[in-house]
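Chemist: There's a structure below that I have some questions on.
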Amino acid sequence: MPRLVLFLLVTIFAANSASAQGLPFNNFSIQSGMSQSVVNHIMQDDSGYIWIATEFGLNRFNMFHFEQFYETNGLSHNGVEVVLQRRDGTIIAGTEAGLDYFDGTLFRPVPGTRILEGDQVSVLFEDNRQGLWVGTDGNGLYYFSDDSFQYFGVSNGLSDDIIRGVIQLDDDRIAVATRNGVNIVSISQRQVIQIYREADGLSENRTRDIMKREDGSIWIATREGITILENGALRYLGVREGLIHPRVNKFIEDGRGGVWIATEGGISHYTNNRLHSYTDTNGLSNNIVTALARDHENNIWFGTYGGGADLLVSEKIQHYSVQQGMLSNLATSFAQDRSGRVWVGTYGGGLSQISGGRVSNFTTAQNLIDNRVYTLTMDRQQRLWIGTRNGVSLMENGRIYPGNQFPDLPDPKVRQILIDRLGDFWIATYGGGIARYRGGRQIALYNSSNGLPNDIVMSLLEDRDGAIWAATYGGVVRFIDGRIDTYTTQNGLVNNNVISLFEDGIGQIWIGTIGGISIFVGGQLRSLTTADGLPQPVAYFIIEDDEGNVWIGTNNGLIRYNTSILEDITDPDRVRDDVRFKLYTTEMGLISNENNSNAVFKDREGAFWIGTIGGVNHFRWQLDREVPAGPPVHIEGMSLFGESIPVMEYEFRHDENFIGFTFTGLSFSNPSGVIYEYRLRGIDQNWQRTTQRTVRYTTLPDGEYRFEVRARNSDGFWSPQRATITFTILPPFWKTWWFIVLMVIALILLSGFLYNYYRIAKLVDLERIRIRIASDLHDDVGASLTELALQADFLQAIQKDPKTGASLKQMGEMSRKIVTTMDDIVWSIDARNDTLGDLLDRMQDYATNVLLPGGIEPIFNFTGADTDKVLPLDLRQNLYLIFKEAVNNAAKHSGANSVEIIFDIKPIGYTLQIKDNGKGFPEKTRSGGHGLKNMKMRAERIKASLDYINENGLTIRIKGKGL
Amino acid sequence: MAEKRQIAIVEDNVKIRDLIQQFMNMQDDMECRNAFSSVESLLGVMREGDMPEIVLMDIDLEGMSGIDGMKLIKSKYPDVEIIMLTVYHDSHKIFNSLRSGASGYLLKHTSLPEIKDAIDVVLQGGAPMSPQIARKVITHFSDGAATDEEKPDSGLTMREQEIVVGLVDGLSYKMIADRMDISIDTVRAHIRNIYKKLHVNSKAEVIAKSLRGEI
């Protein structure tokens with residue numbers, strides 16, 4: 001019986017083995033502007049936005065603002081179940097009543113999925129051939145590919161109509177998790193080919209999620225833990241293995257080889273075959289976790305049932321505060337004993353011991369002399385010396401000796417207890433200088449009367465050479481070789497109010513003040529201040545990690561200083577900058593931004609313990625990973641005179657010149673660490689830097705502008721693409737080019753007008769009349785003739801007399817012939833069609849029409865023609881008429897059986913030849929006949945020469961200068 | 001007798017439109033219920049399901065142009081064949097309309113029996129091609145000056161080239177068939193293929209649109 005009880009106890013302990021330390025969950029809910037707090041799904045799109053689907057409304061989040069979408073924005077239902085970005089980039093949302101896609105502004109029904117209307121969508125999945133799988137909550141599974149679709153349900157073999165998850169196993173097989181087992185579906189056979197249930201090894205039939213991991217293993221979430229299929233074998237993860245709760249809702253890979261598991265009783269993190277679990281006691285906003293997502297920065301998002309969404313930037317920082325059982329949040333000091341327990345001194349809450357994530361306290365009730373602890377020192381015998389506001393207590397083997405260990409202190413406020421290499425105690429007091437003890441007896445007192453610049457001593461340090469350094473509010477002193485060296489602003493110290501001291505791995509002494517840092521090296525003091533880029537001036541503490549980075553605790557965040565970078569260097573290609581200083585704040589998981597003086601400790605694992613006014617950070621910097629991708633940047637808003645207007649390309653009036661832009665570089669791990677560079681092409685060519693997300697321009701002159709912005713994350717990585725938007729401010733009408741041109745033209749016209757009036761009027765009229773006749777002929781007469789021809793066809797079709805038929809046919813043909821002829825004439829007059837290509841087309845059409853019916857074969861040979869070249873009217877007209885005449889002659893008189901038309905165009909000139917193989921020119925009779933004379937006259941008009949060769953038929957040849 | 005084939009006309013000249021419509025309705029195997037002066041009106045009845053097999057489409061129209069109308073109809077109802085009707089002999093325009101998806105073109109003064117023949121050819125799965133257009137086809141597929149983007153994916157096969165050359169020479173389908181020793185239907189099928197190769201660009205546009213959910 002006792003053994004059973006023990007067993008039960010062990011089981012219960014294992015099941016609730018979540019330790020109590022706080023995790024930096026950043027919670028977002030209705031208070032933050034989210035539409036609702038019951039989260040169904042979370043997804044990040046490839047532009048970097050986080051989409052949060054809730055029971056009432058869909059949210060798009062940029063870390064500053066929730067854009068909300070409801071039925072009024074086109075959604076088929078306000079209850080949004082799932083969001084998916086398809087491979088083509090489209091965002092689709094499954095709701096309680098259908099499937100919608102986002103057109104950039106509104107949601108609309110996804111075309112071709114009307115069959116889903118009214119169904120509650122539970123799962124969306126796109127396979128590797130862009131087939132879309134839509135699982136519903138009770139109506140089975142739909143598969144849409146191209147234009148076809150296939151339905152799977154209980155009616156055709158699926159084990160249940162409630163779909164919980166879909167994954168792809170290989171090119172043909174899809175695994176479908178349902179409320180009654182897992183189904184394997186073949187895409188090619190379009191049917192269920194296998195079903196797995198409890199009998200086949202599944203831990204429970206009511207599955208809730210299915211996941212294929214990068215290593216190929218399959219994870220199935222059930223109401224009784226997780227079933228894992230790995231290398232052909234099954235294994236299980238349940239409460240017995242440390243899972244926080246048996247009912248598993250979702251899981252996601254953490255991107256580092258582990259898996260986050262969401263259950264109905266908290267979350268478990270599976271990593272290196274171990275489970276770490278967290279619940280609301282660790283800061284989770286609600287224990288029923290319904291959604292999981294991992295963003296591009298590897299942050300994990302937890303959607304909860306009623307608590308909104310929790311963002312976990314990293315597990316690297318764990319919190320201890322009043323919530324974990326400490327008695328005060330003002331942590332001032334730390335120590336660690338041999339067994340690994342960490343001791344925390346607090347101001348007002350006495351001493352806290354942290355062991356295995358649990359907190360226990362020691363106060364005046366346990367003989368502590370005062371609950372206001374300033375400093376802790378562990379000696380070689382594992383005794384803990386506790387400096388308080390009212391003397392020193394000593395703890396040994398877990399017990400505190402009553403009374404003040406140093407009753408003859410010059411001031412009871414003890415800021416530091418230093419035990420030097422000889423075993424002497426140096427005690428820094430706030431107001432009484434330093435007291436030195438040997439063997440429990442005071443052997444020296446150092447204060448302003450005997451060489452100390454100030455009686456307020458904040459900190460002490462023994463350097464590698466055995467010299468003792470003291471930080472005072474009047475400068476820093478060094479006890480060396482029996483003398484006291486004092487360094488103040490007069491010797492180059494950056495500020496006399498010295499708080500902290502630190503010796504780095506290469507022996508440099510770092511002196512932290514309220515106005516920057518001085519570094520003592522080789523007898524010289526070097527300054528590091530805000531002027532050098534230090535983000536904050538106050539250095540409450542300075543410490544170095546095992547990789548050589550120096551960490552500085554300030555009153556507004558924690559600074560990591562990469563000492564291997566000598567200055568901040570901006571990459572000219574804006575890929576990656578060398579960043580010296582990186583500021584860590586509460587956004588990145590710190591419990592508070594305001595640190596306490598000298599409240600830092602490096603434990604045996606090398607991790608930091610940091611005391612702030614809000615509690616303790618256990619900062620495992622080793623787990624800190626840089627985000628090697630720049631934040632995607634988007635211009636999200638524009639304003640005109642302070643009123644916001646939609647983002648688009650505008651043409652503003654000349655007096656609409658007060659324009660603003662709002663933009664966001666999407667970074668969820670460190671949004672305020674994002675630095676922006678922007679410029680307005682058209683007014684400034686140089687990039688300006690800002691940390692603000694809004695830029696305004698006032699009194700912009702007219703012109704064309706392009707606003708550009710890019711962003712950099714706190715690790716120095718720039719956004720791959722800049723965001724741009726162009727706009728124009730129109731000039732006032734008196735400055736427009738057309739106005740100016742108009743004025744100039746008006747002047748010229750006015751001066752020339754009277755003189756030229758009659759001549760110009762006449763010419764203009766002539767041209768106008770010519771074109772009008774041409775187009776009228778074509779449009780009106782042409783249309784009438786066409787009607788006539790069709791009428792003739794029609795009559796011919798409905799009457800029987802062959803004689804009438806013949807004459808109607810003739811009538812039709814005649815009309816068409818006139819239309820063709822007229823078309824030709826009009827073409828040569830009308831200026832509308834005037835390229836060389838058109839001319840060549842015409843020539844080919846004409847030659848084919850005239851020659852072919854007479855059994856003569858036309859041969860075309862065009863070289864060097866630029867068909868898009870525009871030809872002057874007279875050139876085109878005359879060339880065409882010469883050509884027609886020549887072709888007509890060949891058709892009527894030559895008796896040839898082929899006519900070759902050679903048109904050779906070169907930059908220097910062109911040659912057009914019409915060459916028949918007929919009987920040639922009748923030598924005497926018709927030389928200089930009307931046709932030839934006419935052609936020559938036309939050639940002269942276009943400054944071309946025309947001759948003929950009467951040999952093996954007749955060749956007419958026209959030569960002219962460049963076309 | 002099989003059901004009558006449905007022909008629609010869009011032409012803004014009332015007389016010409018009426019004549020063609022009446023003539024079509026006189027045919028045993030054709031019916032022309034819908035004759036309109038604008039693309040918009042035709043789209044109206046098509047949207048209600050009154051679907052013609054062939055549309056005779058004027059190019060210059062009030063409102064939407066015939067070429068735009070043709071593209072729209074082709075994108076929504078790819079199975080509807082369109083023959084362009086034009087008064088102009090403007091081969092650029094005509095050729096562009098063919099590349100955008102038209103199955104043929106007719107000059108308006110083409111005689112009514114010829115119009116009917118052209119429709120028959122299209123209905124039988126062929127496509128009418130005049131010598132002028134055949135010439136354009138040759139330049140299109142052999143023009144080294146055309147940019148890579150505009151260049152069609154595939155050129156013409158030897159067979160297809162032979163047929164186009166025949167058309168340029170003014171040979172009838174019958175004559176080409178005799179010359180090449182193939183059937184007239186084969187000639188039609190080849191010409192149809194040549195058109196398809198011309199249409200490649202416009203098809204790609206249709207697919208891209210449907211992906212974006214515009215259709």
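Residue names in the structure tokens use chain letters A, B, ... in the order shown, residue numbers from 1 in each chain, and ligand numbers from 1 in the order shown.
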For chain B, list the residues within 7 Å of chain A, counting only C-alpha atoms, and write the list as number ranges by chain.
Modeler: B: 15-16, 19, 23, 108-109, 111-112, 132, 213
Chemist: Interatomic distance between CA of Asp577 (chain A) and CA of Glu636 (chain A)?
Modeler: 25.5 Å
Chemist: Provide the CA of Val633 (chain A) to CA of Gln68 (chain A) distance in Å, to one decimal place.
Modeler: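 So the answer is 20.0 Å.
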Chemist: One number please: CA of Asn40 (chain A) to CA of Ile163 (chain A), in Å, one decimal.
Modeler: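 Computed distance, CA of Asn40 (chain A) to CA of Ile163 (chain A), equals 14.8 Å.
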Chemist: Which residues are close to Val10 (chain B), i.e. within 6 Å by only C-alpha atoms, leaving aside same-chain residues fewer than 5 positions away? Reply as a compact mmCIF listing (two decimals) with N, CA and C atoms, in the first residue's frame.
Modeler:
# COMPACT_ATOMS: atom_id res chain seq x y z
N ALA B 35 -28.57 39.40 -82.89
CA ALA B 35 -27.79 40.34 -83.69
C ALA B 35 -27.86 41.67 -82.98
N PHE B 36 -26.72 42.17 -82.58
CA PHE B 36 -26.70 43.39 -81.77
C PHE B 36 -25.74 44.41 -82.35
N SER B 37 -25.86 45.63 -81.85
CA SER B 37 -24.94 46.66 -82.31
C SER B 37 -23.81 46.87 -81.31
N SER B 38 -23.85 46.17 -80.16
CA SER B 38 -22.74 46.33 -79.22
C SER B 38 -22.37 45.01 -78.55
N MET B 57 -18.05 39.45 -85.58
CA MET B 57 -17.81 40.63 -84.73
C MET B 57 -17.18 41.75 -85.54
N ASP B 58 -17.88 42.87 -85.59
CA ASP B 58 -17.33 44.06 -86.23
C ASP B 58 -16.18 44.58 -85.36
Chemist: As a ChimeraX atom specification, which residues of region 713-881 of chain A does DSSP assign to helix (DSSP H, G or I)?
Modeler: /A:733-735,737-798,802-829,836-854,873-881
